[in-house]
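So this block is my_file_39.txt, compact mmCIF, C-alpha atoms and all ligand atoms:
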# COMPACT_ATOMS: atom_id res chain seq x y z
CA MET A 1 -11.78 6.35 -60.08
CA ARG A 2 -10.75 4.43 -63.17
CA LEU A 3 -8.80 7.40 -64.44
CA LEU A 4 -7.12 7.74 -61.08
CA SER A 5 -5.94 4.14 -60.96
CA LEU A 6 -4.69 4.35 -64.54
CA LEU A 7 -2.77 7.43 -63.56
CA ALA A 8 -1.37 5.60 -60.56
CA VAL A 9 -0.18 2.71 -62.72
CA ALA A 10 1.30 5.10 -65.26
CA THR A 11 3.31 6.95 -62.61
CA GLY A 12 4.20 3.85 -60.63
CA LEU A 13 2.28 4.95 -57.59
CA CYS A 14 0.02 1.87 -57.24
CA LEU A 15 0.92 1.49 -53.59
CA LEU A 16 0.51 5.04 -52.45
CA PRO A 17 1.26 4.76 -48.73
CA SER A 18 -0.81 6.59 -46.18
CA PRO A 19 0.98 9.22 -44.11
CA GLY A 20 0.79 6.82 -41.17
CA ALA A 21 2.51 4.09 -43.14
CA LEU A 22 5.21 6.54 -44.21
CA LEU A 23 5.76 7.48 -40.61
CA SER A 24 6.08 3.90 -39.49
CA GLN A 25 8.65 3.33 -42.25
CA VAL A 26 10.66 6.19 -40.81
CA GLU A 27 10.24 4.74 -37.34
CA ALA A 28 11.34 1.32 -38.55
CA ARG A 29 14.48 2.83 -39.99
CA ARG A 30 15.13 4.63 -36.75
CA SER A 31 14.65 1.63 -34.54
CA THR A 32 16.93 -0.60 -36.59
CA GLY A 33 19.58 2.08 -36.71
CA PHE A 34 21.04 1.86 -40.18
CA PRO A 35 20.10 0.62 -43.58
CA GLN A 36 22.49 -2.30 -44.13
CA GLN A 37 23.37 -1.70 -47.76
CA VAL A 38 26.98 -0.78 -47.03
CA ALA A 39 29.34 -2.34 -49.55
CA LEU A 40 32.03 -3.26 -47.06
CA ASP A 41 34.40 -5.03 -49.43
CA THR A 42 34.65 -2.08 -51.84
CA SER A 43 35.72 0.42 -49.20
CA PRO A 44 39.29 1.60 -49.73
CA ASP A 45 39.62 1.84 -45.99
CA GLN A 46 38.43 -1.66 -45.31
CA VAL A 47 40.42 -2.39 -42.19
CA GLU A 48 39.81 0.95 -40.61
CA PHE A 49 36.14 0.92 -41.54
CA ASP A 50 35.64 -2.36 -39.68
CA ASP A 51 37.66 -1.02 -36.76
CA LEU A 52 35.31 1.93 -36.45
CA PHE A 53 32.35 -0.27 -35.77
CA GLU A 54 33.95 -3.14 -33.88
CA THR A 55 31.98 -2.33 -30.76
CA ALA A 56 28.68 -1.83 -32.57
CA GLY A 57 28.57 -5.15 -34.43
CA ARG A 58 28.16 -5.33 -38.18
CA HIS A 59 24.58 -6.48 -38.33
CA GLY A 60 23.28 -5.81 -34.86
CA THR A 61 21.06 -3.00 -33.78
CA ILE A 62 23.23 0.01 -33.15
CA ARG A 63 20.82 1.92 -30.99
CA PRO A 64 18.11 -0.15 -29.37
CA LYS A 65 17.06 2.67 -27.04
CA ARG A 66 18.20 6.16 -26.29
CA PRO A 67 21.64 5.75 -24.76
CA ILE A 68 22.88 7.94 -21.94
CA PRO A 69 25.72 10.26 -22.91
CA ARG A 70 29.00 9.48 -21.19
CA ALA A 71 31.55 11.97 -19.89
CA CYS A 72 35.31 11.86 -20.30
CA ALA A 73 35.95 14.94 -18.20
CA ALA A 74 38.21 13.79 -15.37
CA ALA A 75 41.66 15.34 -15.24
CA PRO A 76 44.47 12.87 -14.58
CA ALA A 77 46.15 13.06 -11.16
CA GLU A 78 49.30 14.23 -12.94
CA PRO A 79 48.25 16.30 -15.97
CA GLY A 80 50.41 15.40 -18.96
CA ASP A 81 51.85 17.66 -21.64
CA ARG A 82 52.54 15.82 -24.88
CA ARG A 83 53.13 18.80 -27.21
CA SER A 84 56.01 18.36 -29.65
CA ASN A 85 57.25 21.97 -29.44
CA VAL A 86 57.42 23.10 -25.81
CA ASN A 87 57.85 26.77 -26.80
CA GLU A 88 54.59 26.92 -28.73
CA LEU A 89 50.94 26.23 -28.10
CA THR A 90 48.70 25.63 -31.09
CA ILE A 91 44.93 25.83 -30.82
CA GLY A 92 42.27 24.71 -33.28
CA ASN A 93 38.57 25.44 -33.55
CA PHE A 94 36.43 23.26 -35.79
CA ASN A 95 32.73 22.60 -36.18
CA ALA A 96 33.17 19.12 -37.64
CA GLU A 97 29.48 18.80 -38.64
CA TRP A 98 27.80 15.74 -37.14
CA LEU A 99 30.87 13.82 -36.04
CA PHE A 100 28.72 10.82 -35.25
CA LEU A 101 29.28 7.08 -35.78
CA PHE A 102 27.00 5.20 -33.43
CA GLY A 103 23.58 6.81 -33.71
CA GLY A 104 23.99 9.55 -31.11
CA THR A 105 22.22 10.05 -27.81
CA GLY A 106 19.60 12.62 -28.74
CA GLY A 107 16.21 12.45 -30.41
CA MET A 108 17.86 12.23 -33.83
CA VAL A 109 19.68 9.12 -35.01
CA CYS A 110 22.93 9.78 -36.86
CA PRO A 111 24.07 8.27 -39.13
CA GLY A 112 20.53 7.93 -40.36
CA PHE A 113 17.55 9.55 -41.97
CA GLY A 114 17.75 12.98 -40.35
CA CYS A 115 21.46 13.80 -40.43
CA PRO A 116 23.72 14.47 -43.43
CA TRP A 117 25.32 11.01 -43.12
CA LYS A 118 22.62 8.59 -44.17
CA ASN A 119 24.53 5.42 -43.40
CA ARG A 120 27.68 4.15 -41.77
CA LYS A 121 29.70 4.39 -44.97
CA MET A 122 29.05 8.13 -45.25
CA ALA A 123 29.70 8.66 -41.54
CA ALA A 124 32.99 6.78 -41.87
CA GLU A 125 33.97 8.75 -44.96
CA HIS A 126 33.18 11.92 -43.01
CA ILE A 127 35.31 11.10 -39.97
CA PHE A 128 38.23 10.28 -42.30
CA LYS A 129 37.77 13.72 -43.91
CA VAL A 130 37.72 15.37 -40.49
CA ALA A 131 41.04 13.66 -39.68
CA GLU A 132 42.45 14.97 -42.99
CA THR A 133 41.31 18.47 -42.10
CA ILE A 134 42.85 18.30 -38.63
CA THR A 135 46.07 17.26 -40.34
CA ALA A 136 45.77 20.23 -42.73
CA MET A 137 45.43 22.35 -39.57
CA GLY A 138 48.82 21.00 -38.48
CA GLN A 139 47.34 18.76 -35.77
CA PRO A 140 47.08 21.54 -33.17
CA ASP A 141 47.79 20.80 -29.50
CA ILE A 142 44.26 21.64 -28.33
CA ILE A 143 41.32 21.32 -30.72
CA HIS A 144 37.84 22.44 -29.78
CA MET A 145 35.15 20.63 -31.75
CA SER A 146 31.43 21.28 -32.17
CA GLU A 147 28.75 18.77 -33.27
CA VAL A 148 30.45 15.81 -31.65
CA GLU A 149 28.63 12.60 -30.68
CA GLY A 150 30.68 11.73 -27.62
CA CYS A 151 33.92 10.48 -26.10
CA GLU A 152 33.96 7.24 -28.07
CA THR A 153 33.72 9.02 -31.44
CA LEU A 154 36.50 11.42 -30.40
CA GLY A 155 38.51 8.29 -29.52
CA LYS A 156 37.91 6.92 -33.02
CA LEU A 157 39.02 10.22 -34.54
CA ILE A 158 42.24 10.06 -32.51
CA GLN A 159 42.76 6.47 -33.70
CA ILE A 160 42.49 7.61 -37.34
CA LEU A 161 44.89 10.50 -36.72
CA GLU A 162 47.40 8.03 -35.28
CA VAL A 163 47.01 5.24 -37.83
CA LYS A 164 46.65 7.30 -41.00
CA HIS A 165 48.15 10.71 -40.27
CA GLY A 166 51.19 10.12 -38.08
CA ALA A 167 49.87 11.57 -34.83
CA VAL A 168 52.06 10.33 -31.98
CA PRO A 169 50.23 7.39 -30.37
CA GLY A 170 48.76 8.46 -27.05
CA ALA A 171 49.45 12.18 -27.61
CA TYR A 172 45.81 13.18 -28.08
CA LYS A 173 43.20 12.55 -25.40
CA PRO A 174 39.48 13.30 -25.64
CA TYR A 175 37.60 15.44 -23.10
CA LEU A 176 33.88 15.97 -23.17
CA ILE A 177 31.11 16.60 -20.71
CA PRO A 178 27.64 15.91 -22.09
CA GLY A 179 25.29 18.84 -22.40
CA ARG A 180 21.57 19.37 -22.77
CA ASP A 181 20.99 19.25 -26.51
CA THR A 182 18.46 16.44 -26.20
CA ALA A 183 16.95 17.11 -29.64
CA LEU A 184 20.08 16.57 -31.73
CA GLY A 185 22.33 14.95 -29.16
CA GLN A 186 25.22 17.12 -30.31
CA GLN A 187 28.05 17.84 -27.88
CA VAL A 188 31.05 20.10 -27.73
CA GLY A 189 34.37 18.58 -26.72
CA LEU A 190 38.06 18.64 -27.34
CA ILE A 191 41.00 16.50 -28.23
CA THR A 192 44.19 17.69 -26.65
CA LYS A 193 47.86 16.94 -26.14
CA VAL A 194 47.77 18.89 -22.86
CA ASP A 195 45.68 17.53 -20.01
CA PRO A 196 43.47 19.88 -18.00
CA GLN A 197 44.52 20.85 -14.46
CA GLN A 198 41.13 20.01 -13.03
CA ASP A 199 38.08 18.13 -14.21
CA VAL A 200 36.43 19.71 -17.23
CA PHE A 201 33.17 21.32 -16.13
CA ARG A 202 30.12 22.93 -17.71
CA THR A 203 27.50 25.42 -16.68
CA ASP A 204 23.80 24.66 -16.50
CA ASP A 205 23.01 28.16 -15.26
CA ARG A 206 20.15 29.98 -16.87
CA THR A 207 19.39 33.65 -17.13
CA ILE A 208 16.40 35.85 -17.76
CA TYR A 209 16.00 37.08 -21.31
CA PRO A 210 15.73 39.32 -23.21
CA VAL A 211 18.92 40.44 -21.43
CA ALA A 212 19.31 44.09 -20.46
CA GLY A 213 20.09 46.21 -23.50
CA SER A 214 18.90 43.59 -26.00
CA ARG A 215 17.84 44.99 -29.36
CA CYS A 216 16.72 41.73 -31.00
CA GLY A 217 13.18 43.06 -31.07
CA TYR A 218 11.32 39.79 -30.62
CA THR A 219 9.77 40.07 -27.16
CA ARG A 220 7.41 42.99 -26.86
CA PRO A 221 8.00 45.43 -23.98
CA GLY A 222 6.00 44.31 -20.96
CA ALA A 223 5.79 40.68 -22.09
CA PRO A 224 6.92 38.16 -19.46
CA SER A 225 10.62 37.34 -19.41
CA ARG A 226 11.80 33.79 -19.85
CA LEU A 227 14.80 31.76 -18.72
CA THR A 228 17.37 30.00 -20.81
CA GLY A 229 20.97 28.82 -20.69
CA SER A 230 23.71 27.30 -22.77
CA THR A 231 22.99 23.71 -23.81
CA LYS A 232 26.49 23.12 -25.17
CA ASN A 233 29.54 24.36 -23.29
CA TYR A 234 32.55 23.22 -21.33
CA PHE A 235 35.32 24.88 -19.38
CA ALA A 236 38.82 23.45 -19.15
CA VAL A 237 41.77 24.86 -17.23
CA PHE A 238 45.19 24.31 -18.78
CA LYS A 239 48.66 25.23 -17.60
CA VAL A 240 51.09 25.44 -20.48
CA ASN A 241 54.58 26.28 -19.21
CA ASP A 242 53.89 29.45 -17.18
CA VAL A 243 50.59 30.31 -18.83
CA ARG A 244 47.45 29.21 -17.04
CA MET A 245 44.27 29.58 -19.04
CA LEU A 246 40.58 28.89 -18.97
CA VAL A 247 39.35 27.48 -22.27
CA ALA A 248 35.61 27.91 -22.78
CA GLY A 249 34.19 25.90 -25.66
CA THR A 250 30.70 26.49 -26.92
CA HIS A 251 28.21 25.99 -29.70
CA MET A 252 25.49 28.61 -29.56
CA ILE A 253 21.98 28.55 -30.89
CA ALA A 254 21.66 28.74 -34.69
CA TYR A 255 20.26 31.29 -37.15
CA PRO A 256 22.09 34.60 -36.74
CA ASP A 257 19.30 36.56 -38.44
CA LYS A 258 16.26 35.34 -36.46
CA PRO A 259 15.13 37.75 -33.70
CA GLU A 260 13.89 34.95 -31.43
CA ARG A 261 17.23 33.13 -31.67
CA CYS A 262 19.01 36.43 -31.18
CA GLU A 263 17.48 36.77 -27.70
CA LYS A 264 18.37 33.25 -26.71
CA ARG A 265 21.91 33.58 -28.02
CA GLU A 266 22.39 36.73 -25.96
CA ALA A 267 21.21 34.78 -22.90
CA GLN A 268 23.67 31.98 -23.71
CA ALA A 269 26.51 34.50 -24.11
CA THR A 270 25.54 36.06 -20.76
CA VAL A 271 25.67 32.71 -18.95
CA LEU A 272 29.08 31.93 -20.44
CA ALA A 273 30.43 35.40 -19.65
CA ASP A 274 29.17 35.11 -16.05
CA THR A 275 30.89 31.74 -15.66
CA ILE A 276 34.15 33.21 -16.96
CA ARG A 277 33.86 36.16 -14.57
CA ALA A 278 33.21 33.80 -11.64
CA HIS A 279 36.30 31.78 -12.57
CA LEU A 280 38.43 34.92 -12.86
CA ALA A 281 37.23 36.14 -9.47
CA GLU A 282 38.90 33.03 -8.00
CA ASN A 283 41.79 32.89 -10.49
CA PRO A 284 42.50 36.50 -11.44
CA SER A 285 45.74 35.80 -13.31
CA ASP A 286 44.30 33.15 -15.64
CA GLN A 287 44.14 33.91 -19.34
CA VAL A 288 40.93 33.14 -21.25
CA ILE A 289 40.06 31.63 -24.62
CA VAL A 290 36.46 31.44 -25.79
CA LEU A 291 36.01 29.46 -28.96
CA GLY A 292 33.47 27.53 -30.95
CA ASP A 293 30.61 27.92 -33.36
CA PHE A 294 28.91 31.12 -32.13
CA ASN A 295 26.35 31.04 -34.92
CA ASP A 296 26.74 34.78 -35.04
CA TYR A 297 28.79 37.54 -36.59
CA ASP A 298 31.20 39.90 -34.84
CA ASP A 299 30.13 43.53 -34.96
CA GLU A 300 33.82 44.48 -34.93
CA VAL A 301 34.94 42.21 -37.80
CA LEU A 302 33.72 42.66 -41.36
CA ASP A 303 33.59 39.16 -42.87
CA ALA A 304 33.84 38.04 -46.50
CA ALA A 305 30.10 38.58 -46.99
CA GLY A 306 30.39 42.22 -45.84
CA VAL A 307 27.80 44.42 -44.15
CA ILE A 308 25.01 41.93 -44.88
CA ASP A 309 26.52 40.04 -41.93
CA THR A 310 26.10 42.85 -39.42
CA PRO A 311 24.89 41.02 -36.28
CA ILE A 312 21.48 41.77 -34.80
CA SER A 313 22.50 40.26 -31.46
CA GLN A 314 25.07 41.43 -28.93
CA ALA A 315 26.36 37.92 -28.27
CA LEU A 316 29.93 38.68 -29.31
CA ALA A 317 29.99 41.96 -27.40
CA LEU A 318 28.65 40.25 -24.27
CA LEU A 319 31.37 37.61 -24.45
CA ARG A 320 34.12 40.13 -25.15
CA GLY A 321 33.09 41.95 -21.98
CA SER A 322 33.83 38.94 -19.77
CA THR A 323 37.44 40.10 -19.37
CA SER A 324 39.09 43.45 -18.89
CA PRO A 325 40.52 44.51 -21.27
CA PRO A 326 37.93 42.81 -23.49
CA LEU A 327 38.58 39.56 -25.35
CA PHE A 328 40.17 39.93 -28.77
CA ASN A 329 38.81 38.17 -31.86
CA LEU A 330 41.73 36.58 -33.74
CA ALA A 331 39.90 37.27 -37.03
CA LYS A 332 40.97 40.89 -36.57
CA THR A 333 44.45 39.78 -37.59
CA TRP A 334 43.25 38.27 -40.89
CA LEU A 335 44.12 41.10 -43.24
CA ASN A 336 42.40 39.78 -46.35
CA GLN A 337 38.65 40.30 -45.95
CA THR A 338 37.92 37.76 -48.71
CA GLU A 339 39.46 35.09 -46.46
CA ARG A 340 37.37 35.95 -43.39
CA TYR A 341 34.91 33.06 -43.36
CA THR A 342 34.41 29.73 -41.65
CA ASN A 343 31.08 28.57 -43.00
CA TRP A 344 29.32 28.13 -46.31
CA TYR A 345 25.81 29.55 -46.29
CA ASP A 346 24.17 28.57 -49.58
CA ARG A 347 22.11 31.75 -49.67
CA ASN A 348 20.62 31.16 -53.14
CA GLY A 349 20.21 27.42 -52.61
CA ASP A 350 21.93 26.44 -55.86
CA CYS A 351 24.15 23.85 -54.14
CA LYS A 352 27.26 25.64 -55.39
CA ASP A 353 29.65 27.64 -53.27
CA GLY A 354 29.32 31.01 -54.95
CA GLY A 355 31.82 32.68 -52.59
CA GLY A 356 31.12 36.34 -51.81
CA ASP A 357 28.13 36.66 -49.50
CA GLU A 358 27.95 32.87 -49.13
CA HIS A 359 31.19 32.98 -47.11
CA VAL A 360 30.32 33.85 -43.54
CA LEU A 361 32.28 34.11 -40.30
CA ILE A 362 30.33 32.53 -37.44
CA ASP A 363 33.08 30.47 -35.77
CA HIS A 364 35.40 32.50 -33.59
CA VAL A 365 38.40 32.35 -31.29
CA LEU A 366 38.44 35.13 -28.70
CA VAL A 367 41.48 35.54 -26.45
CA SER A 368 42.39 37.64 -23.43
CA ASP A 369 45.10 40.26 -23.52
CA GLY A 370 47.92 38.05 -22.22
CA LEU A 371 47.33 35.56 -25.04
CA LYS A 372 46.85 38.27 -27.65
CA ASN A 373 50.34 39.48 -26.72
CA ARG A 374 51.68 35.97 -27.26
CA LEU A 375 49.96 35.42 -30.60
CA VAL A 376 52.35 34.30 -33.34
CA SER A 377 49.86 33.59 -36.13
CA SER A 378 46.25 32.75 -36.81
CA ALA A 379 44.27 31.82 -39.91
CA PRO A 380 41.19 30.07 -41.19
CA ILE A 381 41.99 26.84 -43.04
CA HIS A 382 40.13 26.58 -46.36
CA SER A 383 41.51 23.23 -47.41
CA TYR A 384 38.40 21.97 -49.25
CA ASN A 385 35.56 23.23 -51.40
CA GLU A 386 31.92 23.08 -50.39
CA PHE A 387 29.03 21.64 -52.39
CA CYS A 388 25.83 19.76 -51.66
CA GLY A 389 26.60 16.13 -50.88
CA THR A 390 30.17 16.67 -49.74
CA THR A 391 31.34 14.57 -46.81
CA ASP A 392 33.58 17.37 -45.58
CA SER A 393 32.17 19.63 -42.88
CA ASP A 394 30.08 22.64 -43.91
CA HIS A 395 32.43 24.69 -41.72
CA TRP A 396 36.13 25.46 -42.07
CA PRO A 397 38.44 25.48 -39.06
CA ILE A 398 40.58 28.16 -37.46
CA VAL A 399 44.10 27.67 -36.14
CA ALA A 400 46.25 29.85 -33.89
CA LYS A 401 49.78 29.65 -32.59
CA PHE A 402 51.00 31.22 -29.36
CA ASP A 403 54.50 31.74 -28.03
CA VAL A 404 54.59 30.18 -24.58
CA LYS A 405 58.33 30.38 -23.93
CA ARG A 406 59.10 30.80 -20.25
CA GLY A 407 60.52 34.01 -18.77
C1 LIG A 501 42.64 37.69 -50.79
O1 LIG A 501 42.11 36.39 -50.85
C2 LIG A 501 41.55 36.03 -52.09
C3 LIG A 501 40.90 34.67 -51.93
O2 LIG A 501 41.80 33.72 -51.47
C4 LIG A 501 42.63 36.06 -53.16
O3 LIG A 501 42.07 35.73 -54.40
C5 LIG A 501 43.26 37.45 -53.21
O4 LIG A 501 44.33 37.45 -54.09
C6 LIG A 501 43.74 37.86 -51.83
N1 LIG A 501 44.16 39.24 -51.86
C7 LIG A 501 45.34 39.63 -51.45
C8 LIG A 501 45.60 41.10 -51.52
O5 LIG A 501 46.19 38.87 -51.02

Hey, can you dump this file as structure tokens for me?
Ligand SMILES: *[C@@H]1O[C@H](CO)[C@@H](O)[C@H](O)[C@H]1NC(C)=O
Amino acid sequence: MRLLSLLAVATGLCLLPSPGALLSQVEARRSTGFPQQVALDTSPDQVEFDDLFETAGRHGTIRPKRPIPRACAAAPAEPGDRRSNVNELTIGNFNAEWLFLFGGTGGMVCPGFGCPWKNRKMAAEHIFKVAETITAMGQPDIIHMSEVEGCETLGKLIQILEVKHGAVPGAYKPYLIPGRDTALGQQVGLITKVDPQQDVFRTDDRTIYPVAGSRCGYTRPGAPSRLTGSTKNYFAVFKVNDVRMLVAGTHMIAYPDKPERCEKREAQATVLADTIRAHLAENPSDQVIVLGDFNDYDDEVLDAAGVIDTPISQALALLRGSTSPPLFNLAKTWLNQTERYTNWYDRNGDCKDGGGDEHVLIDHVLVSDGLKNRLVSSAPIHSYNEFCGTTDSDHWPIVAKFDVKRG
């Protein structure tokens, strides 16, 4: 006993808290939202930083109870088109990584203990980086984003693009329809210079899995089937000059290599593909774009990591099959294999981006034949380096340009 207390004094652990006490500390941090140690007057972006949180209040509780996610999905009566070049349509795809400012609406509070941005200052730094990246992408006309908090945060991002990066005021508008990721509270949404033709919608359909032909190998033959669907998706219909298109944004279930996730991802891909087919049955001449963080590899595209990234699921194949001819992965046009990646996977856990097999391609843009024929260019944008503790996203974006000239 005596030895133990001496040891405790020596190591500074006199007040060893019980697990219960530790838990209640975590809870206390959660319920008060943020630690308030932010050095406001040393921020280089003082004015903008305060602007970000004007609605939250500097010292108030940010998130007293779980808030209800809000939609910004209604199409205007007269859809606007605020692109600067009427002959071109540019598209972006970016998993921004926890684009959260206000605590989120899921079970996890962000910024906070459980997300990469531990406090408001980090979350603010992050959203400024995201705006820089979108500018490095050339501020595309339509940008799909994964891991978004909600409409208000997208609004803040647009504000930063306008104030700091010369985006035309009012050109970008946010669209988002909350999904069912109640654990993390992450949403998929878009900012766009073209308004949708009809209200943005999502599917809550579910399907039986393992799906027919699955080779994930998790559920034993004869075991009962289960039901699942896509927690994060939206569908938006755009008409750009003469080209009408259905844009399907998604963020699929994580861990490409886990058999259990493989089965669920195939179910998610099936639900999305079915929704696309149903839309095309009513609108047979619409083009289709499916984009987002698929959390999976394409069996038809060798990425920078190589054969180690051969997918175990058929998610990509299932999605490709939603149109005839099948959807085309824009990564097929990226000639340099070393450049075919959108995510850093720190395989050896050394906190350094070692390149090679740590560069994986799990974000994709798939397009239907009519858009493939209009493709001008497409590329991943590797405008920053990855390392542990960075406030940039752990993903890199993709951009694509299409010729939409009439006639
Ligand atoms: C391919 O990309 C890598 C990484 O950016 C670069 O070092 C290499 O020179 C490129 N190869 C060719 C043939 O352009």

key: For CA of Met252 in chain A and CA of Asp296 in chain A, the interatomic separation in Å (one decimal)   =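 CA of Met252 in chain A sits 8.3 Å away from CA of Asp296 in chain A.
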
The centre and edge lengths of an axis-aligned box containing all atoms of range 336-342 of chain A present in the file, extended by 3 Å on each side, are to be given in Å to one decimal, as AutoDock Vina command-line options.
--center_x 38.4 --center_y 35.0 --center_z -45.2 --size_x 14.0 --size_y 16.6 --size_z 13.1

inquiry  = Report, in Å with one decimal, the straight-line distance from CA of Ser225 in chain A to CA of Gly321 in chain A.
reply    =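 Separating CA of Ser225 in chain A from CA of Gly321 in chain A is a distance of 23.1 Å.
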
task = May I have the residues within 8 Å of ligand LIG 501 (chain A), computed using only C-alpha atoms and all ligand atoms, as a ChimeraX atom specification?
result = /A:336-339

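For the choices A:Ala400, A:Leu246, A:Ile91, A:Val211, the atom-to-atom distance to Gln198 in chain A is smallest for A:Leu246 when using all atoms listed in the file.
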
inquiry  = With all atoms listed in the file as the counted atoms, please give the residues lying no more than 12 Å from Ala74 in chain A, apart from itself and same-chain residues fewer than 5 positions off, as a list in words.
reply    =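 Counting all atoms listed in the file, the residues come to Pro79, Lys173, Pro174, Tyr175, Leu176, Ile177, Asp195, Pro196, Gln197, Gln198, Asp199, Val200, Phe201, Ala236 and Val237 of chain A.
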
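The residue that comes closest to Val301 in chain A, out of A:Cys262, A:Ile362, A:Cys110, A:Cys72 and on the basis of all atoms listed in the file, is A:Ile362.
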
How about completing range 157-170 of chain A with N, CA and C atoms and giving it to me as an mmCIF file, in the frame of the given file?
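Writing the result to selection-v3.cif gives the following:
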data_model
loop_
_atom_site.group_PDB
_atom_site.id
_atom_site.type_symbol
_atom_site.label_atom_id
_atom_site.label_comp_id
_atom_site.auth_asym_id
_atom_site.auth_seq_id
_atom_site.Cartn_x
_atom_site.Cartn_y
_atom_site.Cartn_z
ATOM 1 N N LEU A 157 38.334 9.192 -33.761
ATOM 2 C CA LEU A 157 39.020 10.220 -34.540
ATOM 3 C C LEU A 157 40.516 10.212 -34.211
ATOM 4 N N ILE A 158 40.840 10.099 -32.938
ATOM 5 C CA ILE A 158 42.240 10.060 -32.510
ATOM 6 C C ILE A 158 42.938 8.834 -33.124
ATOM 7 N N GLN A 159 42.224 7.703 -33.113
ATOM 8 C CA GLN A 159 42.760 6.470 -33.700
ATOM 9 C C GLN A 159 43.106 6.682 -35.180
ATOM 10 N N ILE A 160 42.239 7.347 -35.915
ATOM 11 C CA ILE A 160 42.490 7.610 -37.340
ATOM 12 C C ILE A 160 43.684 8.544 -37.500
ATOM 13 N N LEU A 161 43.759 9.570 -36.658
ATOM 14 C CA LEU A 161 44.890 10.500 -36.720
ATOM 15 C C LEU A 161 46.209 9.755 -36.492
ATOM 16 N N GLU A 162 46.177 8.784 -35.594
ATOM 17 C CA GLU A 162 47.400 8.030 -35.280
ATOM 18 C C GLU A 162 47.743 7.048 -36.393
ATOM 19 N N VAL A 163 46.742 6.310 -36.864
ATOM 20 C CA VAL A 163 47.010 5.240 -37.830
ATOM 21 C C VAL A 163 47.281 5.790 -39.226
ATOM 22 N N LYS A 164 46.562 6.839 -39.607
ATOM 23 C CA LYS A 164 46.650 7.300 -41.000
ATOM 24 C C LYS A 164 47.399 8.615 -41.169
ATOM 25 N N HIS A 165 47.581 9.373 -40.097
ATOM 26 C CA HIS A 165 48.150 10.710 -40.270
ATOM 27 C C HIS A 165 49.336 11.001 -39.341
ATOM 28 N N GLY A 166 49.917 9.956 -38.801
ATOM 29 C CA GLY A 166 51.190 10.120 -38.080
ATOM 30 C C GLY A 166 51.123 10.834 -36.746
ATOM 31 N N ALA A 167 49.923 10.986 -36.181
ATOM 32 C CA ALA A 167 49.870 11.570 -34.830
ATOM 33 C C ALA A 167 50.576 10.610 -33.870
ATOM 34 N N VAL A 168 51.325 11.161 -32.933
ATOM 35 C CA VAL A 168 52.060 10.330 -31.980
ATOM 36 C C VAL A 168 51.056 9.525 -31.144
ATOM 37 N N PRO A 169 51.191 8.202 -31.142
ATOM 38 C CA PRO A 169 50.230 7.390 -30.370
ATOM 39 C C PRO A 169 50.169 7.832 -28.910
ATOM 40 N N GLY A 170 48.953 8.069 -28.454
ATOM 41 C CA GLY A 170 48.760 8.460 -27.050
ATOM 42 C C GLY A 170 48.874 9.951 -26.798
#
